[in-house]
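Enquirer: For reference, the file coords.cif (mmCIF, C-alpha atoms and all ligand atoms) is included below:
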```
data_start
loop_
_atom_site.label_atom_id
_atom_site.label_comp_id
_atom_site.auth_asym_id
_atom_site.auth_seq_id
_atom_site.Cartn_x
_atom_site.Cartn_y
_atom_site.Cartn_z
CA MET L 100 27.56 39.91 -2.51
CA ASN L 101 27.55 37.39 -5.34
CA MET L 102 30.66 35.88 -3.92
CA THR L 103 28.89 35.23 -0.63
CA ILE L 104 25.94 33.55 -2.29
CA THR L 105 28.22 31.33 -4.34
CA SER L 106 30.19 30.28 -1.30
CA VAL L 107 27.01 29.47 0.61
CA LEU L 108 25.73 27.38 -2.29
CA ASP L 109 29.05 25.60 -2.44
CA THR L 110 28.52 24.35 1.08
CA VAL L 111 25.06 22.90 0.30
CA ASP L 112 25.69 19.25 -0.41
CA VAL L 113 22.54 18.10 -2.17
CA SER L 114 23.53 14.43 -1.87
CA ALA L 115 23.50 14.82 1.91
CA ALA L 116 19.71 14.89 1.74
CA LYS L 117 19.69 11.33 0.43
CA GLY L 118 19.73 8.46 2.86
CA THR L 119 20.87 4.88 2.79
CA CYS L 120 19.05 1.73 1.73
CA ARG L 121 16.67 0.41 4.37
CA PHE L 122 17.87 -3.14 3.68
CA CYS L 123 21.53 -3.19 2.55
CA GLY L 124 22.75 0.22 3.75
CA ASP L 125 24.11 1.30 0.35
CA GLY L 126 23.78 5.01 -0.48
CA LEU L 127 20.56 5.95 -2.30
CA ARG L 128 21.62 7.73 -5.49
CA ARG L 129 19.12 6.74 -8.13
CA THR L 130 15.62 8.18 -8.38
CA PHE L 131 12.84 5.74 -9.26
CA VAL L 132 10.25 8.52 -9.43
CA ASP L 133 9.90 11.92 -7.76
CA LEU L 134 6.24 12.64 -7.07
CA GLY L 135 6.85 15.98 -5.34
CA MET L 136 5.32 16.87 -1.98
CA SER L 137 1.98 15.84 -0.50
CA PRO L 138 0.26 15.58 2.89
CA LEU L 139 -0.44 12.24 4.61
CA CYS L 140 -3.09 10.57 2.52
CA GLU L 141 -5.33 9.14 5.22
CA SER L 142 -6.02 12.42 7.03
CA TYR L 143 -9.24 14.04 5.81
CA PRO L 144 -9.57 17.58 7.23
CA SER L 145 -12.99 18.65 8.54
CA VAL L 146 -14.50 22.05 7.77
CA ALA L 147 -13.21 23.28 11.17
CA ASP L 148 -9.64 22.44 10.06
CA LEU L 149 -9.80 24.37 6.79
CA ASN L 150 -7.88 27.38 8.05
CA ARG L 151 -5.14 25.30 9.62
CA GLY L 152 -1.98 24.33 7.83
CA GLU L 153 -1.16 20.81 6.73
CA THR L 154 2.29 19.26 6.76
CA TYR L 155 3.61 18.17 3.36
CA TYR L 156 6.25 15.48 2.99
CA PRO L 157 8.36 14.51 0.01
CA LEU L 158 7.30 11.53 -2.10
CA HIS L 159 10.70 10.97 -3.65
CA VAL L 160 11.22 7.29 -4.38
CA TYR L 161 14.68 5.78 -4.86
CA VAL L 162 15.86 2.42 -6.16
CA CYS L 163 18.91 0.95 -4.45
CA GLU L 164 21.56 0.16 -7.06
CA LYS L 165 22.85 -2.78 -5.04
CA CYS L 166 19.74 -4.71 -3.90
CA PHE L 167 17.02 -3.00 -6.06
CA LEU L 168 14.80 -2.25 -3.10
CA VAL L 169 12.50 0.59 -4.19
CA GLN L 170 11.93 2.88 -1.23
CA LEU L 171 10.95 6.20 0.26
CA GLU L 172 13.11 7.73 2.92
CA GLN L 173 11.46 7.76 6.31
CA TYR L 174 10.12 11.23 6.97
CA GLU L 175 7.86 10.72 10.00
CA SER L 176 7.93 8.34 12.94
CA ALA L 177 5.86 5.20 12.57
CA GLU L 178 4.18 6.00 15.90
CA ASN L 179 2.73 9.19 14.44
CA ILE L 180 1.34 7.48 11.38
CA PHE L 181 0.03 4.21 12.73
CA SER L 182 -0.90 4.69 16.40
CA ASP L 183 -4.43 5.81 15.59
CA TYR L 184 -4.75 4.44 12.10
CA ALA L 185 -8.24 4.80 10.68
CA TYR L 186 -8.18 1.81 8.35
CA PHE L 187 -10.36 -1.07 9.50
CA SER L 188 -9.77 -4.18 7.42
CA SER L 189 -13.20 -5.64 8.15
CA TYR L 190 -14.91 -2.92 6.12
CA SER L 191 -14.32 -4.83 2.89
CA ASP L 192 -16.34 -7.99 2.11
CA SER L 193 -13.94 -9.24 -0.54
CA TRP L 194 -11.00 -8.87 1.86
CA LEU L 195 -12.83 -10.95 4.51
CA LYS L 196 -13.47 -13.69 1.97
CA HIS L 197 -9.78 -13.63 1.04
CA ALA L 198 -8.86 -14.04 4.75
CA ASP L 199 -11.30 -16.92 5.32
CA ASN L 200 -9.98 -18.79 2.26
CA TYR L 201 -6.40 -18.29 3.43
CA CYS L 202 -7.15 -19.75 6.88
CA GLY L 203 -8.87 -22.79 5.35
CA SER L 204 -6.03 -23.51 2.94
CA MET L 205 -3.26 -23.00 5.54
CA LYS L 206 -5.03 -25.31 8.00
CA ALA L 207 -5.11 -28.04 5.35
CA ARG L 208 -1.61 -27.43 3.99
CA LEU L 209 0.17 -27.28 7.38
CA GLY L 210 -2.16 -29.61 9.29
CA LEU L 211 -2.91 -26.95 11.91
CA ASN L 212 -5.02 -28.00 14.91
CA GLU L 213 -5.86 -27.04 18.52
CA TYR L 214 -2.20 -27.60 19.53
CA SER L 215 -0.80 -25.25 16.88
CA PHE L 216 -0.08 -21.56 17.32
CA VAL L 217 -0.56 -18.80 14.73
CA VAL L 218 0.75 -15.23 15.08
CA GLU L 219 -0.28 -12.41 12.78
CA VAL L 220 1.81 -9.25 12.72
CA ALA L 221 -0.27 -6.11 12.07
CA SER L 222 -3.43 -8.10 12.77
CA ASN L 223 -5.66 -5.02 12.47
CA ASP L 224 -9.18 -5.61 13.83
CA GLY L 225 -8.87 -9.41 13.83
CA TYR L 226 -10.31 -9.58 10.28
CA LEU L 227 -8.19 -12.70 9.54
CA LEU L 228 -7.37 -14.37 12.86
CA GLN L 229 -11.11 -14.67 13.65
CA TYR L 230 -11.26 -17.44 11.01
CA PHE L 231 -8.51 -19.42 12.76
CA VAL L 232 -10.37 -18.91 16.08
CA GLN L 233 -13.51 -20.32 14.40
CA ARG L 234 -11.43 -23.38 13.41
CA ASN L 235 -10.22 -23.86 17.04
CA ILE L 236 -6.63 -22.91 16.26
CA PRO L 237 -4.92 -20.79 18.97
CA VAL L 238 -3.81 -17.35 17.75
CA LEU L 239 -2.13 -14.13 18.81
CA GLY L 240 -2.42 -10.81 17.02
CA VAL L 241 0.15 -7.99 17.23
CA GLU L 242 -1.28 -4.58 16.36
CA PRO L 243 0.19 -1.16 17.23
CA ALA L 244 -3.00 0.89 16.74
CA ALA L 245 -4.83 0.69 20.08
CA ASN L 246 -8.25 1.70 18.72
CA VAL L 247 -8.10 -1.04 16.07
CA ALA L 248 -6.72 -3.72 18.45
CA LYS L 249 -9.63 -3.04 20.83
CA VAL L 250 -12.08 -4.16 18.14
CA ALA L 251 -10.13 -7.42 17.67
CA ILE L 252 -10.08 -8.20 21.39
CA LYS L 253 -13.86 -7.67 21.56
CA LYS L 254 -14.23 -10.29 18.79
CA GLY L 255 -12.29 -12.83 20.88
CA VAL L 256 -8.95 -12.44 19.07
CA PRO L 257 -6.15 -12.10 21.66
CA THR L 258 -4.09 -9.07 20.58
CA LEU L 259 -0.96 -7.33 21.89
CA VAL L 260 -0.91 -3.55 21.33
CA LYS L 261 2.73 -3.30 20.28
CA PHE L 262 5.07 -2.64 17.39
CA PHE L 263 6.68 -5.82 16.13
CA GLY L 264 10.45 -6.32 15.98
CA THR L 265 13.24 -8.39 17.54
CA THR L 266 12.49 -7.10 21.06
CA LEU L 267 8.93 -8.42 21.07
CA ALA L 268 9.89 -11.62 19.21
CA GLU L 269 12.55 -12.42 21.82
CA GLU L 270 10.04 -11.81 24.63
CA LEU L 271 7.55 -14.22 23.04
CA ALA L 272 10.26 -16.82 22.31
CA ALA L 273 11.46 -16.64 25.95
CA GLU L 274 7.87 -17.40 27.04
CA GLY L 275 7.88 -20.48 24.77
CA ARG L 276 5.42 -18.86 22.37
CA CYS L 277 7.11 -19.50 19.01
CA ALA L 278 4.65 -20.11 16.18
CA ASP L 279 3.87 -22.81 13.61
CA LEU L 280 2.62 -20.08 11.29
CA VAL L 281 3.61 -16.42 11.29
CA LEU L 282 1.90 -14.14 8.81
CA GLY L 283 2.00 -10.51 7.76
CA ASN L 284 -0.40 -9.07 5.18
CA ASN L 285 0.39 -5.67 3.70
CA VAL L 286 2.72 -4.80 6.54
CA LEU L 287 6.19 -5.29 5.04
CA ALA L 288 5.89 -2.07 3.01
CA GLN L 289 5.05 -0.13 6.16
CA VAL L 290 8.02 -1.21 8.25
CA PRO L 291 10.63 1.51 8.87
CA ASP L 292 13.29 -0.86 10.28
CA LEU L 293 13.01 -3.68 7.77
CA ASN L 294 15.95 -5.77 9.05
CA ASP L 295 14.79 -5.71 12.66
CA PHE L 296 11.30 -6.71 11.54
CA VAL L 297 12.39 -9.67 9.37
CA GLU L 298 14.85 -10.84 12.04
CA GLY L 299 11.92 -10.74 14.49
CA LEU L 300 9.87 -12.97 12.17
CA LYS L 301 12.73 -15.50 12.09
CA ILE L 302 13.03 -15.51 15.92
CA LEU L 303 9.30 -16.12 16.29
CA LEU L 304 9.22 -19.10 13.93
CA LYS L 305 9.39 -22.71 15.25
CA PRO L 306 12.16 -24.84 13.61
CA GLU L 307 9.75 -26.25 10.98
CA GLY L 308 7.35 -23.29 11.07
CA VAL L 309 6.09 -21.37 8.04
CA LEU L 310 6.06 -17.64 7.39
CA THR L 311 3.73 -16.07 4.81
CA LEU L 312 3.91 -12.46 3.68
CA GLU L 313 1.60 -10.65 1.26
CA PHE L 314 2.55 -7.39 -0.39
CA PRO L 315 1.89 -5.49 -3.64
CA HIS L 316 4.19 -6.74 -6.41
CA LEU L 317 6.56 -4.07 -7.73
CA GLN L 318 6.54 -5.60 -11.21
CA LYS L 319 2.76 -5.06 -11.44
CA LEU L 320 3.05 -1.52 -10.06
CA ILE L 321 5.46 -0.70 -12.91
CA GLU L 322 3.58 -2.59 -15.63
CA HIS L 323 0.21 -1.08 -14.73
CA ASN L 324 1.57 2.41 -14.02
CA GLU L 325 0.07 2.34 -10.50
CA PHE L 326 2.11 5.31 -9.27
CA ASP L 327 -0.71 6.54 -7.05
CA THR L 328 -0.27 3.45 -4.85
CA ILE L 329 2.98 5.11 -3.76
CA TYR L 330 2.24 7.05 -0.60
CA HIS L 331 3.86 7.97 2.68
CA GLU L 332 2.53 5.01 4.63
CA HIS L 333 4.36 2.70 2.21
CA PHE L 334 8.11 2.98 2.75
CA SER L 335 9.22 0.04 0.55
CA TYR L 336 8.14 -1.65 -2.71
CA PHE L 337 9.24 -5.24 -3.30
CA SER L 338 10.17 -7.40 -6.23
CA MET L 339 10.57 -11.17 -5.77
CA ILE L 340 14.30 -10.79 -6.48
CA THR L 341 14.79 -8.38 -3.59
CA THR L 342 12.46 -10.28 -1.24
CA VAL L 343 14.46 -13.51 -1.66
CA LYS L 344 17.68 -11.58 -0.88
CA ILE L 345 16.17 -10.06 2.27
CA MET L 346 14.95 -13.45 3.51
CA GLU L 347 18.32 -15.10 2.80
CA GLU L 348 20.16 -12.38 4.69
CA HIS L 349 18.09 -13.30 7.76
CA GLY L 350 18.50 -17.08 7.46
CA LEU L 351 15.12 -17.68 5.85
CA ARG L 352 14.39 -19.63 2.66
CA VAL L 353 11.57 -18.75 0.26
CA PHE L 354 9.99 -22.02 -0.87
CA ASP L 355 6.77 -20.99 -2.63
CA VAL L 356 5.00 -17.95 -4.04
CA GLU L 357 1.47 -17.24 -5.28
CA GLU L 358 0.29 -14.34 -7.41
CA LEU L 359 -2.85 -12.63 -6.06
CA ARG L 360 -5.14 -10.07 -7.64
CA SER L 361 -5.44 -7.91 -4.50
CA HIS L 362 -4.10 -4.33 -4.47
CA GLY L 363 -3.45 -4.21 -8.20
CA GLY L 364 -1.40 -7.44 -8.13
CA SER L 365 0.21 -8.87 -4.99
CA LEU L 366 2.53 -11.71 -4.03
CA ARG L 367 2.07 -14.22 -1.22
CA VAL L 368 5.52 -15.49 -0.33
CA PHE L 369 6.07 -18.65 1.77
CA ALA L 370 9.31 -18.94 3.75
CA CYS L 371 10.87 -21.17 6.41
CA HIS L 372 14.19 -21.42 8.25
CA ALA L 373 17.05 -21.90 5.76
CA ASP L 374 17.92 -25.20 7.47
CA ALA L 375 14.36 -26.54 7.80
CA LYS L 376 14.06 -30.19 6.83
CA THR L 377 10.61 -29.88 5.26
CA HIS L 378 9.25 -27.43 2.65
CA ALA L 379 11.03 -28.23 -0.63
CA VAL L 380 11.38 -25.24 -2.95
CA GLU L 381 8.55 -25.15 -5.53
CA ALA L 382 9.03 -24.30 -9.20
CA SER L 383 6.89 -21.16 -8.68
CA VAL L 384 9.85 -19.33 -7.11
CA ALA L 385 12.21 -19.66 -10.10
CA ARG L 386 9.34 -18.94 -12.50
CA LEU L 387 8.54 -15.63 -10.84
CA ILE L 388 12.17 -14.58 -10.69
CA GLU L 389 12.57 -15.38 -14.41
CA GLY L 390 9.57 -13.17 -15.17
CA GLU L 391 11.15 -10.30 -13.27
CA GLU L 392 14.48 -10.82 -15.02
CA GLU L 393 12.70 -10.63 -18.38
CA ALA L 394 11.05 -7.40 -17.22
CA GLY L 395 14.53 -6.00 -16.52
CA LEU L 396 14.20 -5.83 -12.73
CA CYS L 397 17.63 -7.32 -12.06
CA ASP L 398 19.34 -4.36 -13.69
CA VAL L 399 19.03 -0.80 -12.49
CA SER L 400 18.27 0.40 -16.03
CA GLY L 401 15.03 -1.60 -15.91
CA TYR L 402 13.68 0.92 -13.40
CA GLU L 403 14.36 3.99 -15.52
CA SER L 404 11.30 4.15 -17.77
CA PHE L 405 8.79 4.36 -14.91
CA ALA L 406 9.31 8.08 -14.20
CA LYS L 407 8.75 8.85 -17.88
CA GLN L 408 5.47 6.94 -18.11
CA VAL L 409 4.27 8.61 -14.89
CA LYS L 410 4.99 12.06 -16.30
CA GLU L 411 3.17 11.20 -19.53
CA THR L 412 0.10 10.26 -17.48
CA LYS L 413 0.23 13.61 -15.68
CA LEU L 414 0.45 15.56 -18.92
CA ALA L 415 -2.42 13.62 -20.52
CA LEU L 416 -4.68 14.02 -17.48
CA LEU L 417 -3.95 17.74 -17.21
CA GLU L 418 -4.48 18.24 -20.92
CA PHE L 419 -7.89 16.63 -20.64
CA LEU L 420 -8.94 18.56 -17.50
CA VAL L 421 -7.68 21.94 -18.78
CA GLY L 422 -9.52 21.36 -22.06
CA ALA L 423 -12.72 20.50 -20.18
CA ALA L 424 -12.37 23.65 -18.03
CA GLN L 425 -11.84 25.84 -21.12
CA GLU L 426 -15.05 24.42 -22.60
CA ASP L 427 -16.89 25.18 -19.34
CA LYS L 428 -17.58 21.52 -18.68
CA LYS L 429 -18.47 20.44 -15.17
CA VAL L 430 -16.05 17.83 -13.74
CA ALA L 431 -16.63 15.83 -10.54
CA GLY L 432 -14.70 13.01 -8.93
CA TYR L 433 -15.91 9.67 -7.66
CA GLY L 434 -14.34 8.22 -4.52
CA ALA L 435 -11.90 9.57 -1.94
CA PRO L 436 -9.35 6.75 -1.60
CA GLY L 437 -6.01 7.37 0.08
CA LYS L 438 -4.24 7.05 -3.25
CA SER L 439 -6.14 10.02 -4.72
CA ALA L 440 -3.86 12.28 -2.64
CA THR L 441 -0.79 11.15 -4.59
CA LEU L 442 -2.51 11.44 -7.97
CA LEU L 443 -3.98 14.91 -7.36
CA HIS L 444 -0.89 16.42 -5.74
CA TYR L 445 1.54 15.07 -8.27
CA CYS L 446 -0.62 16.27 -11.16
CA GLY L 447 -1.39 19.61 -9.47
CA ILE L 448 -5.17 19.16 -9.65
CA GLY L 449 -7.33 21.23 -7.30
CA LYS L 450 -10.92 22.43 -6.97
CA ASP L 451 -10.46 24.51 -10.12
CA LEU L 452 -10.28 21.32 -12.20
CA ILE L 453 -12.33 18.83 -10.13
CA GLU L 454 -15.14 20.69 -8.36
CA PHE L 455 -16.03 18.02 -5.80
CA THR L 456 -15.91 14.29 -5.21
CA VAL L 457 -18.31 11.83 -3.58
CA ASP L 458 -17.75 8.77 -1.39
CA ARG L 459 -19.99 6.08 0.08
CA ASN L 460 -18.06 6.10 3.37
CA PRO L 461 -20.07 8.34 5.75
CA HIS L 462 -16.89 9.13 7.75
CA LYS L 463 -15.48 10.96 4.72
CA GLN L 464 -18.63 12.85 3.68
CA GLY L 465 -18.64 16.50 4.77
CA ARG L 466 -14.85 16.51 4.91
CA VAL L 467 -12.31 17.51 2.26
CA LEU L 468 -9.45 15.74 0.51
CA PRO L 469 -6.08 16.42 2.16
CA GLY L 470 -4.14 19.34 0.68
CA THR L 471 -6.36 20.07 -2.32
CA HIS L 472 -9.45 20.59 -0.11
CA ILE L 473 -11.74 19.20 -2.78
CA PRO L 474 -15.02 18.67 -0.87
CA ILE L 475 -16.38 15.13 -0.36
CA PHE L 476 -20.15 14.66 -0.60
CA HIS L 477 -22.69 11.84 -0.53
CA PRO L 478 -22.93 10.06 -3.93
CA ASP L 479 -26.41 11.61 -4.51
CA ARG L 480 -24.61 14.84 -5.30
CA ILE L 481 -23.70 13.44 -8.75
CA ARG L 482 -27.37 13.15 -9.71
CA GLU L 483 -28.06 16.71 -8.49
CA ALA L 484 -25.03 18.39 -10.09
CA LYS L 485 -25.19 16.46 -13.41
CA PRO L 486 -21.45 16.75 -14.20
CA ASP L 487 -20.27 16.30 -17.79
CA TYR L 488 -17.38 14.14 -16.60
CA VAL L 489 -16.86 11.91 -13.56
CA VAL L 490 -13.21 11.11 -12.80
CA ILE L 491 -12.98 7.68 -11.15
CA LEU L 492 -10.29 8.04 -8.49
CA PRO L 493 -10.31 4.39 -7.24
CA TRP L 494 -9.66 3.24 -10.85
CA ASN L 495 -9.18 -0.36 -9.65
CA LEU L 496 -12.97 -0.46 -9.02
CA LYS L 497 -13.91 1.19 -12.32
CA ASP L 498 -16.18 -1.57 -13.67
CA GLU L 499 -18.26 -1.62 -10.50
CA ILE L 500 -18.48 2.20 -10.36
CA ILE L 501 -19.40 2.62 -14.03
CA GLN L 502 -22.21 0.14 -13.49
CA GLN L 503 -23.48 1.97 -10.38
CA LEU L 504 -23.35 5.37 -12.08
CA GLU L 505 -24.70 4.30 -15.47
CA TYR L 506 -27.43 6.97 -15.00
CA ILE L 507 -25.02 9.82 -15.85
CA ARG L 508 -25.59 8.80 -19.50
CA GLU L 509 -29.09 10.35 -19.15
CA TRP L 510 -27.55 13.81 -19.42
CA GLY L 511 -24.64 12.75 -21.66
CA GLY L 512 -22.17 12.35 -18.80
CA ARG L 513 -18.96 10.38 -19.38
CA PHE L 514 -16.40 8.63 -17.17
CA VAL L 515 -12.70 9.43 -17.00
CA VAL L 516 -10.28 6.75 -15.82
CA PRO L 517 -6.81 8.21 -15.06
CA ILE L 518 -4.70 5.03 -14.77
CA PRO L 519 -2.99 3.11 -16.40
CA LYS L 520 -3.68 5.59 -19.22
CA VAL L 521 -6.17 8.43 -19.34
CA ALA L 522 -9.35 7.07 -20.92
CA VAL L 523 -12.74 8.73 -21.47
CA ILE L 524 -15.51 6.13 -21.44
ZN ZN Q 1 19.90 -1.82 -0.95
#
```
Any chance you could put this one into structure tokens?

Expert:
Amino acid sequence: MNMTITSVLDTVDVSAAKGTCRFCGDGLRRTFVDLGMSPLCESYPSVADLNRGETYYPLHVYVCEKCFLVQLEQYESAENIFSDYAYFSSYSDSWLKHADNYCGSMKARLGLNEYSFVVEVASNDGYLLQYFVQRNIPVLGVEPAANVAKVAIKKGVPTLVKFFGTTLAEELAAEGRCADLVLGNNVLAQVPDLNDFVEGLKILLKPEGVLTLEFPHLQKLIEHNEFDTIYHEHFSYFSMITTVKIMEEHGLRVFDVEELRSHGGSLRVFACHADAKTHAVEASVARLIEGEEEAGLCDVSGYESFAKQVKETKLALLEFLVGAAQEDKKVAGYGAPGKSATLLHYCGIGKDLIEFTVDRNPHKQGRVLPGTHIPIFHPDRIREAKPDYVVILPWNLKDEIIQQLEYIREWGGRFVVPIPKVAVI
């Protein structure tokens, strides 16, 4: 009997479960961090769904030893995740301001006018392109989620309901619709076929056209321990070093980069055709790459300490919550952001440790968090329940939330911020 089991185990090749790098095709052998299994983070079950099962997917992140692209393997088709995506960009005032400023500065920098053409890939509900429309600059949005694209079209932002790649880029180019400016904000991470996508961007660009891409900066994710921003909708995590390599491989040249505060620290990369006559390379590019080299991101060993710091955060958070439970303290959450799914599942925190959470978004109230089924209530619930501790799940908004909930001090309540390090305030 034992013999049989041994021989079966011998045939299980664990390495076969690992895939190849989304960019360079090298085998993925090195773990960046393994966050276990969790359900899709943007699906909030209703009470009627409580007795149904939920599908869990692995959140095992690898770093490619050849190109240093940090990535999840694809586990679910992009169509299933994004075709009816619930995220509407226009819900955030600060994000709209960011978009308006971008349009103003790009118009001035590139001299865009009524004869120019701007294409945004993953244009969402027209949150950004509307500001080019206001400035009389012709635009086209490309957005795969039909329900979101419909909102854009209603606003007067022409939008194609399609996934972007070489096929669509070639169609547009054949119609003479190449662009002076192509942009993609927070889309690069969500692209399953990265090479087809970047090649498509190149095809769509006029000879002297400019491409801008914004994405969360891997160096900041590591430095600030933002492991909960790793979730299934984000397949790839980019450093400047890797981004430049990807662009070069597709005949594009990065000529400028800006550091932004959005999403815990993002980059806005400017690129053009490698053989473009304009767009001299700015000093910002070398400066950013030097910073990453100093942080050890050009050597695979520089990626090793992340898993350790993530585990330390888990232990510290659990130690705090278990201690609070043993002392019969009441613990509530604040917020139900997508990233809370990663944090709670990885740490193994359920209703036994955080009784409920609250959220200002009425679409989430009355539902539960995916997997853990921690109920989501209206923020008034905090005042009624008088918890001893409030765990701030969208920790990036902690200052604003602490100000709003200052009244918990009336009954001696305190705030808990889980990231970058567990802090009781
Ligand atoms: Zn690679």

Enquirer: Enumerate as a PyMOL selection string the residues within 12 Å of ligand ZN 1 (chain Q), counting all atoms listed in the file.

Expert: chain L and resi 118-129+161-170+293-294+335-337+340-342+344-345+348+399

Enquirer: Taking into account all atoms listed in the file, which residue in the set L:Lys520, L:Arg466, L:Arg459, L:His159 is nearest to Ala415 of chain L?

Expert: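 Once distances to Ala415 of chain L are computed over all atoms listed in the file, the minimum belongs to L:Lys520.
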
Enquirer: Of the residues L:Tyr433, L:Ala375, L:Val467, L:Gln502, which is the one nearest to Val515 of chain L, using all atoms listed in the file?

Expert: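 Once distances to Val515 of chain L are computed over all atoms listed in the file, the minimum belongs to L:Tyr433.
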
Enquirer: Calculated over all atoms listed in the file, which of the candidates L:Met205, L:Val368, L:Ile500, L:Val521 has the smallest distance to Gln408 of chain L?

Expert: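 Of the candidates, the smallest distance to Gln408 of chain L is held by L:Val521.
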
Enquirer: Let me make sure I understand: among L:Lys319, L:Lys438, L:His333, L:Lys261, which one has the smallest atom-to-atom distance to Ala221 of chain L if we use all atoms listed in the file?

Expert: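 Looking at the shortest contact to Ala221 of chain L, the residue is L:Lys261.
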
Enquirer: Pick the closest to Leu171 of chain L from L:Gly283, L:Pro519, L:Pro291, L:Gly465: which is it, counting only C-alpha atoms?

Expert: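 That would be L:Pro291, the residue with the smallest distance to Leu171 of chain L.
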
Enquirer: Atom CA of Ala288 of chain L and atom CA of Phe334 of chain L are how many Å apart?

Expert: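 The value is 5.5 Å.
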
Enquirer: Name the closest residue to Phe326 of chain L among the candidates L:Asp427, L:Glu411, L:Asp355, L:Asp199; distances are taken between atoms, counting only C-alpha atoms.

Expert: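 Going through L:Asp427, L:Glu411, L:Asp355, L:Asp199 one by one, the smallest distance to Phe326 of chain L is for L:Glu411.
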